[in-house]
Amino acid sequence: MVKMTGFIDVADILKGDNEDGAEVKVRGWIYTSRSSGGIQFLELRDGSGVIQCTLNKRNIDAETFSRVEKLPLETALEMKGKVKEDNRAPGGWEIRVNEIGNVYESKLDYPIVKKEQGIEFLMDNRHLYIREPKLQNIFQIRAKFLQAARDWFKENGYTEVQTPMFMTASVEGGSTLFSVEYFERKGVYLSQSWQLYAEALISSLGKIYTIAPSFRAEPSRTRRHLSEFLHMELEEPWSTLSDIQNSGDRLVCHMANTLAEVMPEKVKAVGRDPDYLASLKAPFPKITYDEAVEIVQSKNIEMFWGDDFGWQQEGPLTEEFETPFWVVGYPSGIKPFYHMPDPKRAEVTLSSDLLAPEGYGEIIGGGQRVHNYEQLYQRTLDDGLDPANYAWYMDLRKWGTVPHSGFGLGVERVLMWMLKLDHIRDTVPFPRDMRRVYP
Ligand code: ATP
Ligand code: MG
């Protein structure tokens, strides 16, 4: 065995960075292996990609050949060999191995096998299952998605901030609050949204955003709710409902177009045609809440004016569309107290949710906020909340209060739709829901 240095990433080989026949060193984990007629085929996974490596009895000493043949799956090892363009190999390139470096041998019987395994088993073994190339692709896309968002925010003059995760008041209603033991103190919860703090910070920083976890004790099992999700929220002073819709249109299109441009193969491998993401353009269509209710009712699905959309309604409604679309003007009764009532029609708010097509449903919730002190006071009472719990928040309305708007985007919801996944869980390495906080 020789000490090897100068390793390169599998991704660089797959990109064609090395000439046919060039000598390279790679290291990674054995993802699959099989042997036939004096040749071994290993698929090596290094975090950047997966490449086929072949060992031929004629090019490598017998001892190394038989040692590698016995290595269990997920053994990590270093190899040196020549790259060859070969269209029979997945990815179009292979490495013809002529030397082995360090070997970190696995135990026998790696629990994740190629044949169908039940979802519960795979979730119990999530710490290993996250090595699967499909999940690896999704997580790489997720990282690029967040980077694209930050680029857009920077380009458009927003400042990133972080707000507390420990809070003393509810933002999105009491039913999904997680209580925490906070020293001796009662009435402390995990954040459902940055909303209250964001409205304080716009008077300090102007346009702001955050990308941070939000926690919701979602009592039902659905394909699109997690109890911990990544929340991308923005808030703008001097901004109206239509301004914020415009920001949402441009942000979502920028992220979709970027993924199509920089990782089309990964997007495709996960299950979405990248041309679809490339084709999305601002602005997205808008319909009113009233029109949305009529569409749902016309499909003989039960819904009354004033109800919120559940998945039974959102699914069929969004199947009517090919791009995301805004539903505008939700009734006051189904939006939190800080949403501004429509001055022309008090029973609805200046709010709007962006719904993804193909049955995916809500990906953004937002709107214009109440900036008048008396009106906000009344709205807390109407919502059955104790204004005393929101004293500092209401205080903001006394000191230079201006029209302002914002929204929250669910990172996992958007990824689920953009990648055409049928469950939200695979957009996160270790999903948290009602039944699962392990591993
Ligand atoms: P829903 O009606 O789907 O539960 P919501 O109205 O509670 O959503 P908001 O409070 O407006 O959602 O939150 C803003 C965004 O955060 C939503 O549009 C969605 O993308 C995302 N989101 C909300 N709750 C969850 C959750 N439990 N899991 C994942 N994403 C969520
Ligand atoms: Mg909810």
# chains A, B, ... in the order shown; residues from 1 in each chain; ligands from 1

call {"tool": "select_by_dssp", "arguments": {"residues": "region 24-243 of chain A", "states": "strand (DSSP E)", "output": "PyMOL selection string"}}
result
chain A and resi 24-36+39-45+50-56+76-85+93-104+159-160+166-167+189-190+208-215+228-237

call {"tool": "closest_atom_pairs", "arguments": {"of": "chain A", "to": "ligand 1", "cutoff": "7 Å", "atoms": "only C-alpha atoms and all ligand atoms", "output": "tab-separated table"}}
result
residue	atom	partner	partner_atom_place_in_ligand_line	distance
A:Glu172	CA	ligand 1	10 (O)	5.9
A:Arg216	CA	ligand 1	27 (N)	5.6
A:Glu218	CA	ligand 1	27 (N)	5.9
A:Arg224	CA	ligand 1	28 (N)	6.0
A:His225	CA	ligand 1	28 (N)	3.5
A:Leu226	CA	ligand 1	28 (N)	3.9
A:Ser227	CA	ligand 1	27 (N)	5.3
A:Glu228	CA	ligand 1	28 (N)	6.7
A:Phe229	CA	ligand 1	29 (C)	5.1
A:His231	CA	ligand 1	16 (O)	6.0
A:Gly310	CA	ligand 1	2 (O)	6.9
A:Asp353	CA	ligand 1	18 (O)	6.8
A:Glu362	CA	ligand 1	18 (O)	4.9
A:Ile363	CA	ligand 1	20 (O)	3.6
A:Ile364	CA	ligand 1	18 (O)	3.5
A:Gly365	CA	ligand 1	11 (O)	3.8
A:Gly366	CA	ligand 1	11 (O)	6.4
A:Gly408	CA	ligand 1	14 (C)	4.3
A:Leu409	CA	ligand 1	15 (C)	4.5
A:Gly410	CA	ligand 1	20 (O)	3.3
A:Val411	CA	ligand 1	20 (O)	6.7
A:Glu412	CA	ligand 1	29 (C)	6.1
A:Arg413	CA	ligand 1	20 (O)	5.2
A:Val414	CA	ligand 1	20 (O)	6.9

call {"tool": "residues_around", "arguments": {"residues": "Met303 (chain A)", "least_positions_apart": "6", "cutoff": "12 Å", "atoms": "only C-alpha atoms", "output": "mmCIF file with N, CA and C atoms, in the first residue's frame"}}
result
data_model
loop_
_atom_site.group_PDB
_atom_site.id
_atom_site.type_symbol
_atom_site.label_atom_id
_atom_site.label_comp_id
_atom_site.auth_asym_id
_atom_site.auth_seq_id
_atom_site.Cartn_x
_atom_site.Cartn_y
_atom_site.Cartn_z
ATOM 1 N N TYR A 289 -59.791 35.186 -3.484
ATOM 2 C CA TYR A 289 -60.263 34.111 -2.606
ATOM 3 C C TYR A 289 -61.669 33.680 -3.039
ATOM 4 N N ASP A 290 -62.534 34.675 -3.361
ATOM 5 C CA ASP A 290 -63.912 34.342 -3.770
ATOM 6 C C ASP A 290 -63.919 33.445 -5.017
ATOM 7 N N ALA A 292 -61.522 31.501 -5.987
ATOM 8 C CA ALA A 292 -60.956 30.190 -5.624
ATOM 9 C C ALA A 292 -62.042 29.315 -4.988
ATOM 10 N N VAL A 293 -62.852 29.920 -4.119
ATOM 11 C CA VAL A 293 -63.932 29.156 -3.484
ATOM 12 C C VAL A 293 -64.902 28.642 -4.548
ATOM 13 N N GLU A 294 -65.202 29.517 -5.535
ATOM 14 C CA GLU A 294 -66.122 29.084 -6.604
ATOM 15 C C GLU A 294 -65.550 27.923 -7.408
ATOM 16 N N ILE A 295 -64.261 27.972 -7.697
ATOM 17 C CA ILE A 295 -63.641 26.864 -8.459
ATOM 18 C C ILE A 295 -63.775 25.562 -7.662
ATOM 19 N N VAL A 296 -63.490 25.644 -6.366
ATOM 20 C CA VAL A 296 -63.562 24.439 -5.526
ATOM 21 C C VAL A 296 -65.004 23.914 -5.496
ATOM 22 N N GLN A 297 -65.939 24.830 -5.293
ATOM 23 C CA GLN A 297 -67.352 24.403 -5.220
ATOM 24 C C GLN A 297 -67.816 23.813 -6.547
ATOM 25 N N PHE A 309 -58.521 26.735 3.099
ATOM 26 C CA PHE A 309 -58.339 25.576 2.215
ATOM 27 C C PHE A 309 -57.540 24.503 2.940
ATOM 28 N N GLY A 310 -58.088 23.302 2.999
ATOM 29 C CA GLY A 310 -57.299 22.155 3.450
ATOM 30 C C GLY A 310 -56.771 21.469 2.198
ATOM 31 N N TRP A 311 -56.075 20.347 2.367
ATOM 32 C CA TRP A 311 -55.541 19.693 1.170
ATOM 33 C C TRP A 311 -56.646 19.179 0.255
ATOM 34 N N GLN A 312 -57.819 18.865 0.845
ATOM 35 C CA GLN A 312 -58.933 18.376 0.003
ATOM 36 C C GLN A 312 -59.369 19.454 -0.983
ATOM 37 N N GLN A 313 -59.208 20.728 -0.586
ATOM 38 C CA GLN A 313 -59.596 21.821 -1.482
ATOM 39 C C GLN A 313 -58.411 22.279 -2.335
ATOM 40 N N GLU A 314 -57.245 22.416 -1.682
ATOM 41 C CA GLU A 314 -56.082 22.959 -2.396
ATOM 42 C C GLU A 314 -55.621 22.034 -3.515
ATOM 43 N N LEU A 317 -57.953 22.455 -6.541
ATOM 44 C CA LEU A 317 -57.845 23.843 -7.031
ATOM 45 C C LEU A 317 -56.553 24.037 -7.817
#

call {"tool": "closest_residue", "arguments": {"among": "A:Leu122, A:Leu135, A:Leu71, A:Val270", "to": "Tyr104 (chain A)", "atoms": "only C-alpha atoms"}}
result
A:Leu71

call {"tool": "atom_distance", "arguments": {"atom1": "CA of Arg221 (chain A)", "atom2": "CA of Asp433 (chain A)"}}
result
8.0 Å

call {"tool": "residues_around", "arguments": {"residues": "Glu85 (chain A)", "least_positions_apart": "6", "cutoff": "9 Å", "atoms": "only C-alpha atoms", "output": "PyMOL selection string"}}
result
chain A and resi 16+19-21+92-95

call {"tool": "closest_residue", "arguments": {"among": "A:Gly306, A:Pro336, A:Gly101, A:Gly406", "to": "ligand 2", "atoms": "only C-alpha atoms and all ligand atoms"}}
result
A:Pro336

call {"tool": "closest_residue", "arguments": {"among": "A:Ser106, A:Thr159, A:Thr54, A:Thr176", "to": "ligand 2", "atoms": "only C-alpha atoms and all ligand atoms"}}
result
A:Thr176

call {"tool": "closest_residue", "arguments": {"among": "A:Ile39, A:Val103, A:Leu277, A:Leu177", "to": "ligand 2", "atoms": "only C-alpha atoms and all ligand atoms"}}
result
A:Leu177

call {"tool": "residues_around", "arguments": {"residues": "Cys253 (chain A)", "least_positions_apart": "2", "cutoff": "9 Å", "atoms": "only C-alpha atoms", "output": "mmCIF file with N, CA, C and O atoms, in the first residue's frame"}}
result
data_model
loop_
_atom_site.group_PDB
_atom_site.id
_atom_site.type_symbol
_atom_site.label_atom_id
_atom_site.label_comp_id
_atom_site.auth_asym_id
_atom_site.auth_seq_id
_atom_site.Cartn_x
_atom_site.Cartn_y
_atom_site.Cartn_z
ATOM 1 N N GLY A 248 -42.196 38.227 -4.294
ATOM 2 C CA GLY A 248 -42.347 36.766 -4.274
ATOM 3 C C GLY A 248 -42.197 36.173 -5.666
ATOM 4 O O GLY A 248 -41.518 35.156 -5.858
ATOM 5 N N ASP A 249 -42.817 36.805 -6.660
ATOM 6 C CA ASP A 249 -42.709 36.327 -8.046
ATOM 7 C C ASP A 249 -41.250 36.258 -8.478
ATOM 8 O O ASP A 249 -40.787 35.261 -9.033
ATOM 9 N N ARG A 250 -40.538 37.352 -8.213
ATOM 10 C CA ARG A 250 -39.165 37.416 -8.713
ATOM 11 C C ARG A 250 -38.237 36.470 -7.961
ATOM 12 O O ARG A 250 -37.371 35.820 -8.557
ATOM 13 N N LEU A 251 -38.454 36.360 -6.644
ATOM 14 C CA LEU A 251 -37.619 35.457 -5.847
ATOM 15 C C LEU A 251 -37.816 33.998 -6.283
ATOM 16 O O LEU A 251 -36.848 33.260 -6.529
ATOM 17 N N MET A 255 -34.999 31.482 -8.143
ATOM 18 C CA MET A 255 -34.528 30.198 -7.599
ATOM 19 C C MET A 255 -34.784 29.070 -8.606
ATOM 20 O O MET A 255 -33.912 28.220 -8.839
ATOM 21 N N ALA A 256 -35.959 29.069 -9.221
ATOM 22 C CA ALA A 256 -36.298 28.007 -10.186
ATOM 23 C C ALA A 256 -35.383 28.076 -11.400
ATOM 24 O O ALA A 256 -34.817 27.060 -11.834
ATOM 25 N N ASN A 257 -35.211 29.265 -11.943
ATOM 26 C CA ASN A 257 -34.384 29.428 -13.144
ATOM 27 C C ASN A 257 -32.931 29.055 -12.844
ATOM 28 O O ASN A 257 -32.260 28.443 -13.677
ATOM 29 N N THR A 258 -32.452 29.409 -11.646
ATOM 30 C CA THR A 258 -31.058 29.091 -11.293
ATOM 31 C C THR A 258 -30.841 27.582 -11.231
ATOM 32 O O THR A 258 -29.857 27.061 -11.760
ATOM 33 N N LEU A 277 -38.718 24.355 -14.958
ATOM 34 C CA LEU A 277 -38.224 25.373 -14.014
ATOM 35 C C LEU A 277 -37.663 26.572 -14.781
ATOM 36 O O LEU A 277 -37.814 27.714 -14.356
ATOM 37 N N ALA A 278 -37.029 26.282 -15.921
ATOM 38 C CA ALA A 278 -36.455 27.383 -16.714
ATOM 39 C C ALA A 278 -37.558 28.260 -17.303
ATOM 40 O O ALA A 278 -37.363 29.448 -17.530
ATOM 41 N N SER A 279 -38.731 27.673 -17.547
ATOM 42 C CA SER A 279 -39.797 28.417 -18.231
ATOM 43 C C SER A 279 -40.581 29.342 -17.297
ATOM 44 O O SER A 279 -41.366 30.168 -17.756
ATOM 45 N N LEU A 280 -40.405 29.218 -15.988
ATOM 46 C CA LEU A 280 -41.212 30.034 -15.065
ATOM 47 C C LEU A 280 -40.789 31.501 -15.140
ATOM 48 O O LEU A 280 -39.601 31.810 -15.094
ATOM 49 N N LYS A 281 -41.783 32.373 -15.284
ATOM 50 C CA LYS A 281 -41.507 33.811 -15.433
ATOM 51 C C LYS A 281 -42.466 34.613 -14.564
ATOM 52 O O LYS A 281 -43.648 34.293 -14.474
ATOM 53 N N ALA A 282 -41.957 35.710 -13.985
ATOM 54 C CA ALA A 282 -42.817 36.631 -13.238
ATOM 55 C C ALA A 282 -43.621 37.458 -14.243
ATOM 56 O O ALA A 282 -43.130 37.697 -15.346
ATOM 57 N N PRO A 283 -44.837 37.903 -13.912
ATOM 58 C CA PRO A 283 -45.561 37.635 -12.671
ATOM 59 C C PRO A 283 -46.432 36.386 -12.779
ATOM 60 O O PRO A 283 -46.823 35.996 -13.877
#

call {"tool": "select_by_dssp", "arguments": {"residues": "region 91-167 of chain A", "states": "alpha helix (DSSP H)", "output": "NGL selection string"}}
result
:A and (119-124 or 126-129 or 133-155)

call {"tool": "residues_around", "arguments": {"residues": "Pro285 (chain A)", "least_positions_apart": "3", "cutoff": "8 Å", "atoms": "only C-alpha atoms", "output": "PyMOL selection string"}}
result
chain A and resi 324-326

call {"tool": "write_last_selection", "arguments": {"atoms": "N, CA, C and O atoms", "output": "short mmCIF file (atom, residue, chain, number, x, y, z; two decimals), in the first residue's frame"}}
result
data_model
loop_
_atom_site.label_atom_id
_atom_site.label_comp_id
_atom_site.auth_asym_id
_atom_site.auth_seq_id
_atom_site.Cartn_x
_atom_site.Cartn_y
_atom_site.Cartn_z
N PRO A 324 -47.30 28.46 -10.40
CA PRO A 324 -47.87 28.96 -9.15
C PRO A 324 -48.81 30.13 -9.42
O PRO A 324 -48.68 30.81 -10.45
N PHE A 325 -49.73 30.36 -8.52
CA PHE A 325 -50.68 31.49 -8.68
C PHE A 325 -51.03 32.02 -7.30
O PHE A 325 -50.98 31.29 -6.30
N TRP A 326 -51.38 33.31 -7.26
CA TRP A 326 -51.72 33.96 -6.00
C TRP A 326 -53.22 33.89 -5.75
O TRP A 326 -54.01 34.16 -6.66
#

call {"tool": "residues_around", "arguments": {"residues": "Ile119 (chain A)", "least_positions_apart": "5", "cutoff": "12 Å", "atoms": "only C-alpha atoms", "output": "ChimeraX atom specification"}}
result
/A:112,124-126,129,423,425-426
